[in-house]
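J.: My structure is stored as run.txt, with compact mmCIF, C-alpha atoms.
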# COMPACT_ATOMS: atom_id res chain seq x y z
CA MET I 9 -10.59 11.44 -10.47
CA PRO I 10 -8.32 11.69 -7.44
CA LEU I 11 -8.98 14.74 -5.32
CA SER I 12 -6.54 17.61 -5.55
CA GLU I 13 -4.31 18.38 -2.61
CA THR I 14 -5.25 21.98 -1.87
CA ARG I 15 -2.57 22.50 0.74
CA LYS I 16 0.04 22.40 -2.01
CA CYS I 17 -1.50 25.29 -3.93
CA ASP I 18 0.20 28.57 -4.69
CA GLY I 19 -1.94 30.86 -2.57
CA ILE I 20 -5.58 30.34 -1.66
CA PHE I 21 -6.88 29.80 -5.18
CA GLY I 22 -3.79 28.21 -6.70
CA THR I 23 -3.81 25.21 -8.99
CA PRO I 24 -2.74 22.06 -7.11
CA LEU I 25 0.72 20.86 -8.03
CA GLU I 26 -0.31 17.22 -7.94
CA PRO I 27 -3.39 15.06 -7.29
CA LEU I 28 -4.04 13.48 -3.92
CA PHE I 29 -4.81 9.79 -4.36
CA ASN I 30 -7.00 7.68 -2.05
CA ASN I 31 -8.03 10.54 0.19
CA VAL I 32 -9.29 9.11 3.49
CA GLU I 33 -11.85 11.79 4.32
CA ASN I 34 -13.20 12.59 0.87
CA GLY I 35 -12.07 9.64 -1.22
CA THR I 36 -14.21 7.94 -3.84
CA ASN I 37 -15.96 4.70 -2.97
CA PRO I 38 -15.38 1.50 -5.02
CA GLU I 39 -18.75 1.69 -6.80
CA ILE I 40 -18.05 5.14 -8.22
CA LEU I 41 -14.52 4.10 -9.17
CA GLN I 42 -15.92 1.15 -11.10
CA ASP I 43 -18.48 3.36 -12.84
CA TRP I 44 -15.77 5.84 -13.81
CA LEU I 45 -13.56 3.08 -15.17
CA ILE I 46 -16.38 1.62 -17.26
CA ASN I 47 -17.36 5.05 -18.54
CA MET I 48 -13.79 5.90 -19.55
CA ALA I 49 -13.40 2.51 -21.26
CA VAL I 50 -16.56 3.15 -23.28
CA THR I 51 -15.39 6.67 -24.11
CA ASN I 52 -12.03 5.37 -25.28
CA SER I 53 -13.67 2.69 -27.43
CA GLU I 54 -15.99 5.23 -29.06
CA THR I 55 -13.09 7.59 -29.68
CA LEU I 56 -11.09 4.87 -31.42
CA LYS I 57 -14.04 3.99 -33.65
CA SER I 58 -14.79 7.57 -34.64
CA GLU I 59 -11.18 8.71 -34.88
CA GLU I 60 -10.17 10.20 -38.21
CA LYS I 61 -7.08 8.86 -39.96
CA SER I 62 -5.56 12.34 -39.92
CA GLU I 63 -5.65 12.52 -36.12
CA ASN I 64 -2.67 11.62 -33.90
CA ILE I 65 -0.33 13.39 -36.32
CA PHE I 66 0.18 16.54 -34.27
CA ASN I 67 0.29 15.07 -30.76
CA HIS I 68 3.89 13.88 -30.60
CA GLY I 69 7.43 14.74 -31.59
CA HIS I 70 8.39 18.39 -32.02
CA TRP I 71 4.73 19.45 -31.70
CA ALA I 72 4.59 17.96 -28.21
CA HIS I 73 7.99 19.44 -27.42
CA CYS I 74 6.86 22.93 -28.36
CA ILE I 75 3.60 22.69 -26.39
CA PHE I 76 5.35 21.29 -23.31
CA LEU I 77 7.90 24.11 -23.42
CA MET I 78 5.12 26.65 -23.80
CA CYS I 79 3.25 25.30 -20.78
CA ASP I 80 6.48 25.19 -18.76
CA ARG I 81 7.10 28.81 -19.66
CA PHE I 82 3.73 29.77 -18.20
CA GLU I 83 4.23 27.38 -15.24
CA LEU I 84 1.07 25.46 -16.04
CA PRO I 85 0.20 22.07 -14.48
CA HIS I 86 0.55 18.71 -16.20
CA GLN I 87 -3.17 18.59 -16.97
CA THR I 88 -2.81 21.69 -19.14
CA LYS I 89 0.09 20.24 -21.11
CA PHE I 90 -1.76 17.13 -22.20
CA ALA I 91 -5.06 18.96 -22.69
CA ALA I 92 -3.33 21.49 -24.97
CA LEU I 93 -1.64 18.70 -26.92
CA GLU I 94 -4.96 16.93 -27.45
CA LEU I 95 -6.63 20.19 -28.53
CA PHE I 96 -3.86 21.04 -30.97
CA ASP I 97 -3.95 17.59 -32.56
CA ARG I 98 -7.71 17.61 -33.10
CA PHE I 99 -7.78 21.21 -34.30
CA MET I 100 -4.94 20.91 -36.81
CA ALA I 101 -6.35 17.69 -38.27
CA ARG I 102 -9.82 19.15 -38.73
CA HIS I 103 -8.55 22.58 -39.79
CA ILE I 104 -6.36 21.19 -42.57
CA ASN I 105 -9.09 18.80 -43.73
CA ASP I 106 -11.59 21.67 -43.89
CA LEU I 107 -9.18 23.85 -45.86
CA TYR I 108 -8.39 21.03 -48.27
CA ALA I 109 -12.08 20.32 -48.84
CA HIS I 110 -12.65 24.02 -49.50
CA VAL I 111 -9.94 24.07 -52.17
CA GLN I 112 -11.17 20.87 -53.81
CA ASN I 113 -14.76 22.10 -53.92
CA SER I 114 -13.82 25.49 -55.31
CA GLY I 115 -14.11 26.31 -58.99
CA SER I 116 -10.51 27.47 -59.20
CA SER I 117 -8.41 26.37 -62.16
CA LYS I 118 -5.20 26.46 -60.10
CA LYS I 119 -6.07 24.35 -57.09
CA LYS I 120 -2.52 23.10 -56.66
CA SER I 121 -1.06 26.60 -56.26
CA ASP I 122 -4.00 27.65 -54.09
CA TRP I 123 -3.34 24.72 -51.77
CA ALA I 124 0.37 25.56 -51.61
CA CYS I 125 -0.47 29.14 -50.56
CA ILE I 126 -2.86 27.88 -47.89
CA LEU I 127 -0.25 25.48 -46.51
CA ASP I 128 2.25 28.34 -46.25
CA ARG I 129 -0.29 30.37 -44.30
CA VAL I 130 -1.03 27.43 -42.01
CA LYS I 131 2.68 26.98 -41.32
CA ASN I 132 3.10 30.67 -40.51
CA GLN I 133 0.18 30.52 -38.08
CA THR I 134 1.25 27.31 -36.33
CA PHE I 135 2.97 28.99 -33.38
CA LEU I 136 -0.08 31.20 -32.85
CA ARG I 137 -2.31 28.11 -32.87
CA ILE I 138 -0.10 26.43 -30.29
CA VAL I 139 -0.34 29.44 -28.00
CA SER I 140 -4.12 29.57 -28.50
CA CYS I 141 -4.49 25.88 -27.63
CA CYS I 142 -2.46 26.46 -24.48
CA GLN I 143 -4.73 29.41 -23.69
CA ILE I 144 -7.87 27.30 -23.97
CA ALA I 145 -6.34 24.40 -22.04
CA SER I 146 -5.28 26.74 -19.24
CA LYS I 147 -8.90 27.85 -18.87
CA LEU I 148 -10.08 24.24 -18.75
CA THR I 149 -7.68 23.18 -16.02
CA SER I 150 -7.05 26.32 -13.97
CA HIS I 151 -8.79 29.52 -12.95
CA TYR I 152 -5.66 30.93 -11.38
CA LYS I 153 -2.94 30.65 -14.02
CA VAL I 154 -4.89 31.18 -17.22
CA ILE I 155 -2.96 32.60 -20.16
CA THR I 156 -4.48 36.01 -20.78
CA VAL I 157 -4.38 37.77 -24.14
CA LYS I 158 -1.75 40.14 -22.77
CA ARG I 159 0.51 37.28 -21.67
CA ALA I 160 -0.03 35.44 -24.95
CA ARG I 161 0.87 38.54 -26.99
CA LYS I 162 4.03 39.08 -24.95
CA CYS I 163 5.06 35.48 -25.54
CA LEU I 164 4.43 35.78 -29.28
CA LEU I 165 6.43 39.01 -29.47
CA GLU I 166 9.36 37.38 -27.68
CA ALA I 167 9.25 34.59 -30.28
CA GLY I 168 9.31 37.13 -33.11
CA TYR I 169 5.60 37.11 -34.00
CA SER I 170 3.68 40.38 -34.03
CA TYR I 171 -0.03 39.77 -33.50
CA SER I 172 -2.63 42.21 -32.22
CA ASN I 173 -4.87 41.38 -29.28
CA GLU I 174 -7.77 41.01 -31.71
CA SER I 175 -5.83 38.49 -33.83
CA ILE I 176 -5.05 36.41 -30.74
CA ILE I 177 -8.72 36.40 -29.73
CA GLN I 178 -9.76 35.49 -33.28
CA SER I 179 -7.30 32.58 -33.27
CA GLU I 180 -8.78 31.27 -30.04
CA MET I 181 -12.29 31.59 -31.49
CA ARG I 182 -11.19 29.83 -34.68
CA ILE I 183 -10.08 26.82 -32.68
CA LEU I 184 -13.29 26.76 -30.64
CA LYS I 185 -15.50 27.01 -33.73
CA THR I 186 -13.50 24.42 -35.67
CA LEU I 187 -13.90 21.96 -32.81
CA GLN I 188 -17.55 23.03 -32.41
CA TYR I 189 -16.73 24.07 -28.84
CA ASN I 190 -16.10 20.42 -27.96
CA VAL I 191 -12.90 21.13 -26.07
CA SER I 192 -13.35 19.17 -22.85
CA GLN I 193 -12.09 15.72 -23.81
CA VAL I 194 -10.62 12.91 -21.74
CA SER I 195 -6.84 13.08 -22.02
CA CYS I 196 -4.22 10.38 -21.57
CA LEU I 197 -3.42 11.90 -18.18
CA ASP I 198 -7.03 11.38 -17.04
CA PHE I 199 -6.70 7.65 -17.78
CA LEU I 200 -3.38 7.56 -15.97
CA GLU I 201 -4.74 9.19 -12.82
CA MET I 202 -7.78 6.93 -12.83
CA LEU I 203 -5.63 3.79 -13.05
CA LEU I 204 -3.39 5.01 -10.23
CA GLU I 205 -6.41 5.75 -8.05
CA ILE I 206 -7.71 2.21 -8.63
CA LEU I 207 -4.24 0.73 -8.10
CA GLY I 208 -3.94 2.45 -4.74
CA HIS I 209 -7.45 1.40 -3.73
CA ASN I 210 -6.89 -2.26 -4.64
CA ALA I 211 -3.53 -2.40 -2.87
CA GLY I 212 -4.91 -0.82 0.29
CA ARG I 213 -4.39 2.62 1.74
CA GLY I 214 -0.79 3.47 2.51
CA VAL I 215 0.64 0.33 0.89
CA LEU I 216 1.89 2.05 -2.27
CA ASP I 217 3.60 5.41 -2.54
CA LEU I 218 1.46 6.67 -5.42
CA LYS I 219 3.35 9.97 -5.46
CA VAL I 220 6.39 8.10 -6.77
CA TYR I 221 4.26 6.16 -9.27
CA TYR I 222 2.63 9.38 -10.44
CA ASP I 223 5.89 11.28 -10.96
CA THR I 224 7.40 8.33 -12.83
CA ALA I 225 4.29 7.84 -14.95
CA ILE I 226 4.26 11.54 -15.93
CA LYS I 227 7.87 11.28 -17.09
CA ILE I 228 7.13 8.14 -19.11
CA LEU I 229 4.00 9.68 -20.63
CA SER I 230 5.94 12.79 -21.63
CA LEU I 231 8.74 10.67 -23.06
CA VAL I 232 6.29 8.69 -25.18
CA CYS I 233 4.75 11.90 -26.51
CA LEU I 234 8.16 13.30 -27.40
CA ASN I 235 9.57 10.08 -28.90
CA ARG I 236 6.49 8.22 -30.02
CA HIS I 237 7.92 6.42 -33.05
CA GLU I 238 11.10 5.37 -31.27
CA VAL I 239 9.20 4.04 -28.25
CA TYR I 240 6.61 2.15 -30.30
CA ASP I 241 9.26 0.72 -32.61
CA ARG I 242 11.26 -0.52 -29.61
CA LEU I 243 8.13 -2.11 -28.12
CA TYR I 244 7.35 -3.57 -31.51
CA LEU I 245 10.80 -5.12 -31.85
CA ASN I 246 10.73 -6.52 -28.32
CA THR I 247 7.30 -8.02 -28.94
CA ALA I 248 7.94 -9.32 -32.45
CA GLY I 249 11.30 -10.81 -31.52
CA ILE I 250 12.65 -13.07 -34.22
CA CYS I 251 9.88 -12.08 -36.63
CA ALA I 252 10.80 -8.39 -36.43
CA GLY I 253 12.63 -8.52 -39.73
CA VAL I 254 9.48 -9.59 -41.54
CA LEU I 255 6.99 -7.18 -39.97
CA VAL I 256 6.78 -3.48 -40.76
CA SER I 257 7.65 -0.90 -38.11
CA SER I 258 5.31 1.96 -37.18
CA GLN I 259 7.55 4.47 -38.96
CA GLU I 260 7.54 2.44 -42.18
CA GLN I 261 3.75 2.08 -42.01
CA LYS I 262 3.47 5.84 -42.42
So that I can check it, write out the structure of this file as structure tokens.
T.:
Amino acid sequence: MPLSETRKCDGIFGTPLEPLFNNVENGTNPEILQDWLINMAVTNSETLKSEEKSENIFNHGHWAHCIFLMCDRFELPHQTKFAALELFDRFMARHINDLYAHVQNSGSSKKKSDWACILDRVKNQTFLRIVSCCQIASKLTSHYKVITVKRARKCLLEAGYSYSNESIIQSEMRILKTLQYNVSQVSCLDFLEMLLEILGHNAGRGVLDLKVYYDTAIKILSLVCLNRHEVYDRLYLNTAGICAGVLVSSQEQK
């Protein structure tokens, strides 16, 4: 990954506002860059093969909007936003699948009503889960601006949710246990930063203003997360061209 530019931190131990690409003094050599790229390609391939059908449901649209707003409220870096979004998507998919399996395997004679009650509880707890995912992500990406229980509780109270400190801690633990503590995953931003580092290296130092590329790429990445179906449908129509009327759009495939 590109080294962080410590001179742009808030204070001595602040989280860097942006990565520093192609650092002359401490930059990564081509061999390590190639190894990283191969490793990330393998990781991505394995993730696609093992990915559950229920995943990628909670990582776009209004879910992404809510998480991005939450991270902006706490002034967290971009890494935290996308890490929290990835955590929330994986947790919600597995959490709902686990609850559904529990209902189906129970000996209850009213499984349909039981499932409806569980869904209502899940909906009521969604905002708490979002805050908890942002909490965990803040600890993964920063040691300076972590969301403490006190700050999380204040945020929840301002949104109209009254949770005790213990409930907030239990929610965080629920997410960790559901994901089997496997919270440090490669995010889409990690791939983006890697590609920009390689792009700058191949072009030669100082040839490209990667700061501009990075800022633009972050905006595009955020836009895709917020408007995933619209973006993919537009790409689909542009690619399909004259055959677009015959093929099925991503929204219709759902």
J.: What is the distance between CA of Glu174 in chain I and CA of Val157 in chain I, in Å to one decimal?
T.: 8.9 Å
J.: List as a PyMOL selection string the protein and nucleic acid residues near Gln143 in chain I, meaning an atom at most 9 Å away when only C-alpha atoms are counted, but skip any in the same chain fewer than 4 places from it.
T.: chain I and resi 92+138-139+147-148+154-157+160+180
J.: As a list in words, please: the residues near range 63-69 of chain I (cut-off 9 Å, all atoms listed in the file, same-chain neighbours under 5 positions excluded).
T.: Cys74, Leu93, Glu94, Leu95, Phe96, Asp97, Arg98, Met100, Ala101, Arg102, Val232, Cys233, Leu234, Asn235, Arg236 and His237 of chain I
J.: How many Å lie between CA of Ala145 in chain I and CA of Asn37 in chain I, rounded to one decimal?
T.: 29.1 Å
J.: With a distance cut-off of 12 Å and all atoms listed in the file, select the neighbouring residues of Leu216 in chain I, excluding the residue or stretch itself and same-chain residues fewer than 3 positions from it, and output the selection as a list in words.
T.: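 After dropping sequence-adjacent residues, the list is Phe29, Asn30, Leu204, Glu205, Ile206, Leu207, Gly208, His209, Asn210, Ala211, Gly212, Arg213, Lys219, Val220, Tyr221 and Tyr222 of chain I.
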J.: Kindly give the distance, in Å, that separates CA of Ala225 in chain I and CA of Glu39 in chain I, rounded to a single decimal.
T.: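 Taking CA of Ala225 in chain I and CA of Glu39 in chain I, their separation equals 25.2 Å.
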J.: For a quick check of understanding, using only C-alpha atoms, which of I:Asp217, I:Phe76, I:Arg182, I:Asp122 has the smallest distance to Leu231 in chain I?
T.: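 Distance minimum relative to Leu231 in chain I lands on I:Phe76.
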J.: Mind dumping a table of every range 98-153 of chain I residue within 8 Å of range 79-87 of chain I, with the nearest atom pair and its distance in Å to one decimal, using only C-alpha atoms, sorted by chain and rising number, as a tab-separated table?
T.:
residue	atom	partner	partner_atom	distance
I:Cys142	CA	I:Cys79	CA	6.9
I:Ser146	CA	I:Leu84	CA	7.2
I:Thr149	CA	I:Gln87	CA	6.5
I:Lys153	CA	I:Leu84	CA	6.9
J.: Of the candidates I:Phe99, I:Ala124, I:Asn52, I:Arg137, which shows the shortest atom-to-atom distance to Val111 in chain I, using all atoms listed in the file?
T.: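 Of I:Phe99, I:Ala124, I:Asn52, I:Arg137, the one nearest Val111 in chain I is I:Ala124, counting all atoms listed in the file.
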J.: Considering all atoms listed in the file, state which residue in the set I:Cys163, I:Val215, I:Val191, I:Leu136 is at the smallest distance from Ile177 in chain I.
T.: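 When distances to Ile177 in chain I are compared using all atoms listed in the file, the smallest one comes from I:Leu136.
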J.: Considering all atoms listed in the file, state which residue in the set I:Thr55, I:Thr134, I:Arg159, I:Ala109 is at the smallest distance from Ile183 in chain I.
T.: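 Between I:Thr55, I:Thr134, I:Arg159, I:Ala109, the residue approaching Ile183 in chain I most closely is I:Thr134.
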J.: Mind checking which residues fall within 12 Å of His110 in chain I, counting only C-alpha atoms, ignoring those fewer than 5 positions away in the same chain, and posting them as a VMD selection string?
T.: chain I and resid 103 to 105 115 to 116 119 122 to 123 126
J.: Using all atoms listed in the file, pick whichever of I:Thr51, I:Asn113, I:Asn173, I:Ser230 has the shortest atom-to-atom distance to Ala72 in chain I.
T.: I:Ser230
